[in-house]
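Data file: run00.pdb. Format and content: PDB, C-alpha atoms and all ligand atoms.
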```
ATOM      1  CA  MET A   1     -28.320  73.557  27.065
ATOM      2  CA  LYS A   2     -27.929  69.794  26.931
ATOM      3  CA  THR A   3     -27.237  69.689  30.672
ATOM      4  CA  ILE A   4     -30.402  71.692  31.479
ATOM      5  CA  ALA A   5     -32.529  69.493  29.206
ATOM      6  CA  GLY A   6     -31.099  66.423  30.906
ATOM      7  CA  LEU A   7     -31.875  67.787  34.370
ATOM      8  CA  VAL A   8     -35.473  68.633  33.365
ATOM      9  CA  PHE A   9     -35.908  65.120  31.968
ATOM     10  CA  LEU A  10     -34.638  63.552  35.193
ATOM     11  CA  LEU A  11     -36.926  65.815  37.252
ATOM     12  CA  ILE A  12     -39.954  64.717  35.211
ATOM     13  CA  LEU A  13     -38.973  61.045  35.701
ATOM     14  CA  ALA A  14     -38.619  61.572  39.464
ATOM     15  CA  ILE A  15     -42.049  63.233  39.732
ATOM     16  CA  LEU A  16     -43.696  60.450  37.686
ATOM     17  CA  GLY A  17     -41.931  57.764  39.740
ATOM     18  CA  ALA A  18     -42.992  59.337  43.056
ATOM     19  CA  ALA A  19     -46.607  59.575  41.896
ATOM     20  CA  TYR A  20     -46.532  55.946  40.805
ATOM     21  CA  VAL A  21     -45.254  54.698  44.158
ATOM     22  CA  LYS A  22     -47.756  56.876  46.058
ATOM     23  CA  THR A  23     -50.730  55.286  44.261
ATOM     24  CA  GLY A  24     -49.460  51.835  45.156
ATOM     25  CA  LYS A  25     -49.566  50.739  41.531
ATOM     26  CA  VAL A  26     -45.973  49.609  41.545
ATOM     27  CA  ASN A  27     -46.454  47.213  44.449
ATOM     28  CA  THR A  28     -49.745  45.857  43.123
ATOM     29  CA  SER A  29     -48.371  45.091  39.696
ATOM     30  CA  LEU A  30     -45.336  43.325  41.167
ATOM     31  CA  VAL A  31     -47.540  41.063  43.305
ATOM     32  CA  GLN A  32     -49.547  40.141  40.207
ATOM     33  CA  ILE A  33     -46.448  39.326  38.182
ATOM     34  CA  VAL A  34     -44.806  37.048  40.785
ATOM     35  CA  PRO A  35     -47.128  34.094  41.537
ATOM     36  CA  LYS A  36     -47.183  32.605  45.004
ATOM     37  CA  PHE A  37     -44.548  29.880  45.342
ATOM     38  CA  GLY A  38     -47.098  27.237  46.234
ATOM     39  CA  SER A  39     -49.000  27.730  42.993
ATOM     40  CA  PHE A  40     -46.244  26.189  40.837
ATOM     41  CA  PRO A  41     -47.064  22.637  39.704
ATOM     42  CA  LYS A  42     -45.041  19.978  41.481
ATOM     43  CA  PRO A  43     -42.181  18.886  39.220
ATOM     44  CA  THR A  44     -41.961  15.200  38.313
ATOM     45  CA  PRO A  45     -38.978  13.731  40.196
ATOM     46  CA  ASP A  46     -36.008  13.091  37.933
ATOM     47  CA  VAL A  47     -35.427   9.564  36.779
ATOM     48  CA  VAL A  48     -32.265   8.244  38.386
ATOM     49  CA  ILE A  49     -30.869   5.324  36.426
ATOM     50  CA  PRO A  50     -29.368   2.751  38.802
ATOM     51  CA  LYS A  51     -25.678   2.254  38.004
ATOM     52  CA  ASN A  52     -25.568  -1.314  39.241
ATOM     53  CA  CYS A  53     -22.847  -3.305  37.468
ATOM     54  CA  ASP A  54     -21.146  -6.544  38.491
ATOM     55  CA  GLY A  55     -18.687  -6.529  35.576
ATOM     56  CA  LYS A  56     -20.021  -9.864  34.292
ATOM     57  CA  ILE A  57     -20.827  -9.909  30.582
ATOM     58  CA  THR A  58     -24.608  -9.981  30.053
ATOM     59  CA  PRO A  59     -25.627 -13.618  29.349
ATOM     60  CA  ASN A  60     -25.656 -14.601  25.678
ATOM     61  CA  VAL A  61     -28.707 -16.507  24.474
ATOM     62  CA  ILE A  62     -30.141 -17.548  21.128
ATOM     63  CA  ASP A  63     -31.542 -15.017  18.630
ATOM     64  CA  GLY A  64     -34.750 -16.977  18.236
ATOM     65  CA  PRO A  65     -36.413 -17.151  14.808
ATOM     66  CA  TYR A  66     -37.554 -13.536  14.524
ATOM     67  CA  TYR A  67     -34.435 -11.367  14.285
ATOM     68  CA  LYS A  68     -34.318  -9.099  11.237
ATOM     69  CA  GLU A  69     -31.203  -7.220  10.188
ATOM     70  CA  SER A  70     -31.171  -3.555   9.118
ATOM     71  CA  SER A  71     -33.696  -2.277  11.641
ATOM     72  CA  PRO A  72     -34.359   1.481  11.573
ATOM     73  CA  GLU A  73     -32.465   3.731  13.992
ATOM     74  CA  ARG A  74     -34.944   4.888  16.646
ATOM     75  CA  THR A  75     -35.607   5.004  20.373
ATOM     76  CA  ASP A  76     -39.412   5.110  20.188
ATOM     77  CA  PHE A  77     -41.396   2.032  19.114
ATOM     78  CA  ASN A  78     -44.813   3.637  19.704
ATOM     79  CA  ASP A  79     -47.146   3.118  16.772
ATOM     80  CA  PRO A  80     -50.959   2.972  16.521
ATOM     81  CA  GLN A  81     -50.574  -0.504  14.982
ATOM     82  CA  VAL A  82     -49.049  -1.893  18.179
ATOM     83  CA  PRO A  83     -51.188  -0.782  21.129
ATOM     84  CA  GLY A  84     -50.236  -1.982  24.583
ATOM     85  CA  GLU A  85     -49.072  -1.035  28.057
ATOM     86  CA  ALA A  86     -46.471   1.696  27.682
ATOM     87  CA  LEU A  87     -42.993   1.094  29.051
ATOM     88  CA  LYS A  88     -39.931   3.330  29.050
ATOM     89  CA  ILE A  89     -36.628   1.544  29.553
ATOM     90  CA  LYS A  90     -33.415   3.309  30.489
ATOM     91  CA  GLY A  91     -29.989   2.013  31.298
ATOM     92  CA  TYR A  92     -26.270   1.988  30.651
ATOM     93  CA  VAL A  93     -23.968  -0.096  28.579
ATOM     94  CA  PHE A  94     -20.902  -0.815  30.718
ATOM     95  CA  ASP A  95     -17.608  -2.516  29.958
ATOM     96  CA  THR A  96     -16.335  -5.287  32.247
ATOM     97  CA  ASN A  97     -14.647  -2.633  34.446
ATOM     98  CA  CYS A  98     -18.084  -0.989  34.856
ATOM     99  CA  ASN A  99     -17.074   2.060  32.838
ATOM    100  CA  PRO A 100     -19.902   3.411  30.643
ATOM    101  CA  VAL A 101     -19.490   2.746  26.923
ATOM    102  CA  ALA A 102     -20.371   5.678  24.676
ATOM    103  CA  HIS A 103     -21.757   5.034  21.187
ATOM    104  CA  ALA A 104     -22.395   1.331  21.842
ATOM    105  CA  TRP A 105     -24.828  -0.202  19.337
ATOM    106  CA  ILE A 106     -28.050  -1.776  20.657
ATOM    107  CA  ASP A 107     -30.622  -3.489  18.432
ATOM    108  CA  PHE A 108     -33.974  -4.253  20.128
ATOM    109  CA  TRP A 109     -36.784  -6.432  18.783
ATOM    110  CA  GLN A 110     -39.891  -7.788  20.453
ATOM    111  CA  ALA A 111     -43.404  -9.203  20.015
ATOM    112  CA  ASN A 112     -46.531  -7.042  20.263
ATOM    113  CA  SER A 113     -48.940  -7.267  23.202
ATOM    114  CA  GLN A 114     -50.486 -10.369  21.590
ATOM    115  CA  GLY A 115     -47.140 -12.169  21.399
ATOM    116  CA  VAL A 116     -46.790 -11.672  17.628
ATOM    117  CA  TYR A 117     -43.669 -10.370  15.822
ATOM    118  CA  ASP A 118     -43.868  -8.129  12.787
ATOM    119  CA  ASN A 119     -41.848 -10.072  10.219
ATOM    120  CA  ASP A 120     -42.948  -8.003   7.221
ATOM    121  CA  LYS A 121     -42.000  -4.529   8.377
ATOM    122  CA  PHE A 122     -40.120  -3.184  11.390
ATOM    123  CA  LEU A 123     -42.823  -2.604  13.999
ATOM    124  CA  LEU A 124     -41.279  -2.939  17.486
ATOM    125  CA  ARG A 125     -37.794  -3.183  16.015
ATOM    126  CA  GLY A 126     -35.014  -0.623  16.052
ATOM    127  CA  HIS A 127     -31.397   0.074  16.793
ATOM    128  CA  GLN A 128     -29.765   2.988  18.605
ATOM    129  CA  TYR A 129     -26.424   4.098  20.037
ATOM    130  CA  THR A 130     -25.640   4.988  23.643
ATOM    131  CA  ASP A 131     -25.067   8.681  24.408
ATOM    132  CA  PRO A 132     -21.672  10.123  25.492
ATOM    133  CA  ASN A 133     -22.464   8.943  29.053
ATOM    134  CA  GLY A 134     -23.126   5.381  27.911
ATOM    135  CA  ARG A 135     -26.894   5.603  28.364
ATOM    136  CA  TYR A 136     -29.728   4.319  26.199
ATOM    137  CA  HIS A 137     -33.468   4.963  26.299
ATOM    138  CA  LEU A 138     -36.300   3.005  24.696
ATOM    139  CA  GLU A 139     -40.003   3.816  24.585
ATOM    140  CA  THR A 140     -42.036   0.720  23.856
ATOM    141  CA  ILE A 141     -44.860  -1.507  25.093
ATOM    142  CA  ILE A 142     -44.807  -4.602  27.270
ATOM    143  CA  PRO A 143     -44.708  -7.620  24.938
ATOM    144  CA  GLY A 144     -47.170 -10.478  25.306
ATOM    145  CA  PRO A 145     -46.205 -14.123  25.858
ATOM    146  CA  TYR A 146     -46.291 -16.649  23.011
ATOM    147  CA  THR A 147     -46.140 -20.418  22.811
ATOM    148  CA  GLY A 148     -43.446 -21.689  25.133
ATOM    149  CA  ARG A 149     -42.141 -18.205  25.950
ATOM    150  CA  THR A 150     -42.621 -15.796  28.815
ATOM    151  CA  PRO A 151     -42.736 -12.074  27.831
ATOM    152  CA  HIS A 152     -39.298 -10.839  26.770
ATOM    153  CA  ILE A 153     -37.481  -8.179  24.747
ATOM    154  CA  HIS A 154     -34.562  -9.290  22.571
ATOM    155  CA  ALA A 155     -31.418  -7.201  22.329
ATOM    156  CA  LYS A 156     -28.063  -7.325  20.560
ATOM    157  CA  VAL A 157     -25.365  -5.115  22.046
ATOM    158  CA  GLN A 158     -21.899  -4.294  20.772
ATOM    159  CA  ALA A 159     -19.423  -1.736  22.131
ATOM    160  CA  SER A 160     -18.000  -1.213  18.623
ATOM    161  CA  PRO A 161     -18.090  -3.107  15.294
ATOM    162  CA  GLN A 162     -14.802  -4.812  16.327
ATOM    163  CA  SER A 163     -16.084  -5.871  19.772
ATOM    164  CA  PRO A 164     -17.736  -9.179  20.721
ATOM    165  CA  LEU A 165     -21.492  -9.175  20.204
ATOM    166  CA  VAL A 166     -23.865  -9.930  23.082
ATOM    167  CA  THR A 167     -27.268 -11.336  22.122
ATOM    168  CA  THR A 168     -29.621 -11.456  25.067
ATOM    169  CA  GLN A 169     -33.239 -11.288  26.223
ATOM    170  CA  LEU A 170     -34.745  -9.051  28.915
ATOM    171  CA  TYR A 171     -37.521 -10.282  31.214
ATOM    172  CA  PHE A 172     -40.215  -8.859  33.469
ATOM    173  CA  PRO A 173     -40.515  -9.632  37.181
ATOM    174  CA  GLY A 174     -43.658 -11.311  38.462
ATOM    175  CA  GLN A 175     -44.611 -13.037  35.207
ATOM    176  CA  SER A 176     -46.159 -16.429  35.959
ATOM    177  CA  ARG A 177     -44.498 -17.988  32.905
ATOM    178  CA  ASN A 178     -40.943 -16.991  33.857
ATOM    179  CA  ASN A 179     -40.262 -20.236  35.683
ATOM    180  CA  GLU A 180     -41.815 -22.392  32.951
ATOM    181  CA  ASP A 181     -39.542 -20.933  30.252
ATOM    182  CA  SER A 182     -36.297 -22.861  29.720
ATOM    183  CA  ILE A 183     -34.517 -19.791  28.271
ATOM    184  CA  PHE A 184     -35.549 -17.442  31.117
ATOM    185  CA  ASP A 185     -32.634 -16.084  33.145
ATOM    186  CA  PRO A 186     -33.188 -13.987  36.295
ATOM    187  CA  ALA A 187     -29.868 -12.210  35.552
ATOM    188  CA  THR A 188     -31.604 -10.276  32.785
ATOM    189  CA  LEU A 189     -34.742  -9.193  34.654
ATOM    190  CA  ILE A 190     -35.681  -5.553  34.048
ATOM    191  CA  LYS A 191     -36.125  -3.534  37.261
ATOM    192  CA  ILE A 192     -39.652  -2.119  36.966
ATOM    193  CA  GLU A 193     -40.803   1.096  38.640
ATOM    194  CA  ASP A 194     -44.439   2.287  38.584
ATOM    195  CA  ARG A 195     -44.209   6.084  38.488
ATOM    196  CA  ALA A 196     -46.799   8.856  38.306
ATOM    197  CA  ASP A 197     -45.750   9.342  34.679
ATOM    198  CA  GLY A 198     -46.022   5.653  33.752
ATOM    199  CA  LYS A 199     -44.149   2.384  33.941
ATOM    200  CA  TRP A 200     -40.356   2.636  33.762
ATOM    201  CA  GLY A 201     -37.800  -0.121  33.448
ATOM    202  CA  TYR A 202     -34.080  -0.132  34.128
ATOM    203  CA  PHE A 203     -31.497  -2.531  32.785
ATOM    204  CA  ASN A 204     -27.728  -2.189  32.396
ATOM    205  CA  PHE A 205     -25.833  -4.245  29.833
ATOM    206  CA  VAL A 206     -22.219  -5.322  30.316
ATOM    207  CA  VAL A 207     -20.141  -6.039  27.215
ATOM    208  CA  SER A 208     -16.526  -6.632  26.339
ATOM    209  CA  VAL A 209     -14.828  -3.753  24.505
ATOM    210  CA  LYS A 210     -11.961  -5.898  23.131
TER     211      LYS A 210
HETATM  212 FE    FE B   1     -38.817 -13.896  21.148
END
```
Would it be possible to restate this file's structure as structure tokens?
Ligand code: FE
Amino acid sequence: MKTIAGLVFLLILAILGAAYVKTGKVNTSLVQIVPKFGSFPKPTPDVVIPKNCDGKITPNVIDGPYYKESSPERTDFNDPQVPGEALKIKGYVFDTNCNPVAHAWIDFWQANSQGVYDNDKFLLRGHQYTDPNGRYHLETIIPGPYTGRTPHIHAKVQASPQSPLVTTQLYFPGQSRNNEDSIFDPATLIKIEDRADGKWGYFNFVVSVK
């Protein structure tokens, strides 16, 4: 009995299927489900972080008067209290053999777009650790100049708590004050790229792991 019931069921399915194909409903519905290839939005090209590395330790410079210890851990400095031109910075921390350093500590601090540091709280301040591929990422704004200084972002970088600390400052190309600033160093210029999705910057640090 089970075999006969099964055969009848299959026969009914076959008749229904044939009727469906004959009406063209199957083809129509498939065309509606699969959109034309050209209708997909164009994907944003992937960000490729340049791996440039000369093996020279990133130049050490002074902290300046505005460093604060114990910054919060974060990669995004955006805050309604610090409006400005958005900038995303990506890069690697390398050792002197140009091998990426995972879990390196980086502490960033900078002025707001008016050239003013937040010394009361931790606006535009934060530390982070590189990922397993030695990469970091920071979302921030372009800092303004202040008396005697061209726009810059401060950073402290350390491969591990036992490794030598690098304290440095990152600069922006094309700033008229760069050449009037005695601390400015072209070795720490950020490579800027204007993309459809905003302004991106790239900078790779080199530190000693000893
Ligand atoms: Fe400064």
Expanded to explicit residues, what is the PyMOL selection byres (((not hetatm)) within 8 of (chain B and resi 1)) for this file, as a JSON list (two decimals) with C-alpha atoms, keeping the file's coordinate frame?
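What ended up in result.json:
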```
[["chain", "number", "residue", "atom", "x", "y", "z"],
["A", 63, "ASP", "CA", -31.54, -15.02, 18.63],
["A", 64, "GLY", "CA", -34.75, -16.98, 18.24],
["A", 65, "PRO", "CA", -36.41, -17.15, 14.81],
["A", 66, "TYR", "CA", -37.55, -13.54, 14.52],
["A", 110, "GLN", "CA", -39.89, -7.79, 20.45],
["A", 111, "ALA", "CA", -43.40, -9.20, 20.02],
["A", 149, "ARG", "CA", -42.14, -18.20, 25.95],
["A", 151, "PRO", "CA", -42.74, -12.07, 27.83],
["A", 152, "HIS", "CA", -39.30, -10.84, 26.77],
["A", 153, "ILE", "CA", -37.48, -8.18, 24.75],
["A", 154, "HIS", "CA", -34.56, -9.29, 22.57],
["A", 169, "GLN", "CA", -33.24, -11.29, 26.22]]
```
Query raised in the report: Care to translate the PyMOL selection byres (((chain A and resi 183-187) around 8) and not hetatm) into actual residues of this file, as a PyMOL selection string?
Result: chain A and resi 58-59+61+150+171+178-179+181-182+188-189
Query - Expected selection from the PyMOL selection byres (((chain A and resi 136) around 9) and not hetatm), given as a PyMOL selection string - result: chain A and resi 75+89-93+106+128-131+134-135+137-138
Query - Proximity to A:Lys210 - best of A:Pro161, A:Pro80, A:Gly148, A:Pro143, all atoms listed in the file - result: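 Using all atoms listed in the file, A:Lys210 sits closest to A:Pro161.
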Query raised in the report: Mind pulling up the distance from atom CA of A:Ile141 to atom CA of A:Ala196?
Result: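 Atom-to-atom, atom CA of A:Ala196 and atom CA of A:Ile141 are spaced 16.9 Å apart.
Distances to A:Glu69 were evaluated for A:Ser113, A:Cys53, A:Ser163, A:Lys121 using only C-alpha atoms, and the minimum falls at A:Lys121.
For the residues A:Gly126, A:Pro83, A:Trp200, A:Gln175, ranking by smallest atom-to-atom distance to A:Trp105 using only C-alpha atoms places A:Gly126 first.
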Query - Test item: which residues lie within 9 Å of (-36.1, -6.6, 18.4) counting all atoms listed in the file, as a list in words - result: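 Those residues lying close to the given coordinates are Tyr66, Tyr67, Lys68, Ser71, Asp107, Phe108, Trp109, Gln110, Ala111, Tyr117, Phe122, Leu123, Leu124, Arg125, Gly126, His127, Ile153, His154, Ala155 and Lys156 of chain A.
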**Report entry** Atom-to-atom span, atom CA of A:Pro72 and atom CA of A:Val157, Å
**Finding:**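 Value for the atom CA of A:Pro72-atom CA of A:Val157 distance: 15.3 Å.
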**Report entry** Atomic separation - atom CA of A:Pro100 relative to atom CA of A:Asp46, Å
**Finding:**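 Value for the atom CA of A:Asp46-atom CA of A:Pro100 distance: 20.2 Å.
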Report task. Rank A:Asn78, A:Asn204, A:Gln162, A:Gln114 by their smallest atom-to-atom distance to A:Glu139, using only C-alpha atoms, and report the top residue only. Result ->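 Of the candidates, the smallest distance to A:Glu139 is held by A:Asn78.
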Query - Residue nearest A:Val82 among A:Val206, A:Ile142, A:Val166, A:Ala159 (counting all atoms listed in the file) - result: A:Ile142
Report summary line: Min atom-atom distance to A:Asn52 from the set A:Asp120, A:Val101, A:Phe94, A:Thr140, counting only C-alpha atoms, belongs to A:Phe94
Query raised in the report: Taking (-19.1, -8.1, 27.6) in the file's coordinates, which residues come within 8 Å, counting only C-alpha atoms, written as a VMD selection string?
Result: chain A and resid 56 to 58 95 to 96 164 to 166 206 to 209
Once 3 Å is added on each side, what are the centre and the three edge lengths, in Å to one decimal, of the axis-aligned box enclosing the listed atoms of stretch 100-117 of chain A? Present them as AutoDock Vina command-line options.
```
--center_x -35.0 --center_y -3.2 --center_z 23.2 --size_x 37.0 --size_y 23.8 --size_z 20.8
```
Requested in this report: Excluding A:Gly201 and residues on its chain fewer than 5 positions from it, collect all residues at most 9 Å away from it, counting only C-alpha atoms, and give them as a VMD selection string.
Outcome: chain A and resid 87 to 91 190 to 194
